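Participant: Mind having a look at this structure? Questions to follow.
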Amino acid sequence: MLDGLGGQLTEEQKRQLSRIKQINTRNIQLIADLLNVAKIDRKAMPCDIETLTLEKIVEKATHGYVDQIKDKGLKLQVKGSGEDILVSADFQKAAEAIKNVLDNAVRFTERGTISIEMKSIDHTGLVLVKDTGTGIAGPILSKLFKKELVFDNPHPQGGSGLGLYIAKSFMELQDGDLTVSSAVGKGSTFTFKFPRSN
């Protein structure tokens, strides 16, 4: 209908239909998140490990966000290491884990920059997602990756609140890790750690 298949719409009709579309999209994501959590908790989540470059994973994760970030008046910076960093990872789960963090960064950053940096330290490939958002208070930071936080702190800006729990779980499934450092008013840095494959 928004594409005009049913005839010309008034601006108010377009606004209402756009709102319905947003709600529908959020509901679909909520169902997907709940299904992922159920599989994770049952230890029934399959994992397909292969050799990948960090660049390929980040490219998949950032697809579709460039316009969204630009529309919000933010800057996106992606910095590679100048070399192909090969890691052992599940392509879809690695990209989704980064996407979940990136989604939060866009939602809670009103001005400034979101940056993604790829580098290698010893036998670990790293992806750092940094934002200049509101930051995270200590009491929340200590249980950020737990499901319990979802029920203690509703998310008025949308989202299921399960994204970070899923991201952390997906990284652990790949023998990797996800950590965070943050300060209120100064933004946050999420660090994804993948085992190197070479």
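Labels for the structure tokens follow display order: chains A, B, ..., residues from 1 in each chain, ligands from 1.
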Considering only C-alpha atoms, return as a ChimeraX atom specification whatever protein or nucleic-acid residues lie within 9 Å of Thr53 of chain A, sequence-local ones (same chain, fewer than 3 positions apart) excluded.

Facilitator: /A:56-58,84-88

Participant: For the selection you just gave me, I'd like the residues written to a file as an mmCIF file, in the first residue's frame, keeping C-alpha atoms.

Facilitator:
```
data_model
loop_
_atom_site.group_PDB
_atom_site.id
_atom_site.type_symbol
_atom_site.label_atom_id
_atom_site.label_comp_id
_atom_site.auth_asym_id
_atom_site.auth_seq_id
_atom_site.Cartn_x
_atom_site.Cartn_y
_atom_site.Cartn_z
ATOM 1 C CA LYS A 56 33.851 -9.852 5.230
ATOM 2 C CA ILE A 57 32.080 -10.207 8.590
ATOM 3 C CA VAL A 58 32.010 -6.441 9.187
ATOM 4 C CA ASP A 84 43.499 -9.803 5.760
ATOM 5 C CA ILE A 85 42.803 -10.961 9.317
ATOM 6 C CA LEU A 86 41.635 -14.556 9.055
ATOM 7 C CA VAL A 87 39.492 -15.867 11.894
ATOM 8 C CA SER A 88 37.480 -18.983 12.692
#
```

Participant: From a DSSP pass on the backbone, collect the residues of segment 60-173 of chain A flagged as helix (DSSP H, G or I) and hand them back as a VMD selection string.

Facilitator: chain A and resid 60 to 62 66 to 71 91 to 108 138 to 141 148 to 152 163 to 173

Participant: Counting only C-alpha atoms, which residue out of A:Gly133, A:Gly112, A:Gly163, A:Pro195 sits closest to Ser182 of chain A?

Facilitator: A:Gly133

Participant: Could you work out how far atom CA of Thr10 of chain A lies from atom CA of Tyr65 of chain A, giving the answer in Å with one decimal?

Facilitator: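 Value for the atom CA of Tyr65 of chain A-atom CA of Thr10 of chain A distance: 28.8 Å.
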
Participant: Pick from A:Asp3, A:Ser197, A:Gly176, A:Glu11: nearest to Ala97 of chain A, with only C-alpha atoms counted?

Facilitator: A:Gly176

Participant: With only C-alpha atoms as the basis for distance, which of A:Ala183, A:Glu12, A:Leu126, A:Asn104 is at the shortest distance from Leu141 of chain A?

Facilitator: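 Under the stated criterion, the closest residue is A:Ala183.
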
Participant: For Phe108 of chain A, please output as a list in words all residues within 9 Å (counting only C-alpha atoms; exclusion window: fewer than 4 positions along the same chain).

Facilitator: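 So the residues in contact are Asp103, Asn104, Asp131, Thr132, Gly133, Thr134, Gly135 and Gln157 of chain A.
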
Participant: Could you dump the residues just selected with C-alpha atoms as a PDB file, in the first residue's frame?

Facilitator:
```pdb
ATOM      1  CA  ASP A 103      21.846  -1.416  16.344  1.00  0.00           C
ATOM      2  CA  ASN A 104      22.170  -0.299  19.975  1.00  0.00           C
ATOM      3  CA  ASP A 131      30.102   5.139  19.849  1.00  0.00           C
ATOM      4  CA  THR A 132      29.802   8.630  21.286  1.00  0.00           C
ATOM      5  CA  GLY A 133      26.415   7.886  22.846  1.00  0.00           C
ATOM      6  CA  THR A 134      24.982   8.239  26.333  1.00  0.00           C
ATOM      7  CA  GLY A 135      27.211   5.588  27.884  1.00  0.00           C
ATOM      8  CA  GLN A 157      13.430   3.299  22.465  1.00  0.00           C
TER       9      GLN A 157
END
```

Participant: Smallest atom-to-atom distance to Glu55 of chain A: which of A:Lys14, A:Lys21, A:Lys168, A:Lys79, using only C-alpha atoms?

Facilitator: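 Of all the options, A:Lys79 lies closest to Glu55 of chain A.
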
Participant: Measuring between only C-alpha atoms, which one of A:Ile166, A:Leu178, A:Leu2, A:Leu144 shows the shortest distance to Leu128 of chain A?

Facilitator: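 Nearest candidate to Leu128 of chain A out of A:Ile166, A:Leu178, A:Leu2, A:Leu144: A:Leu178.
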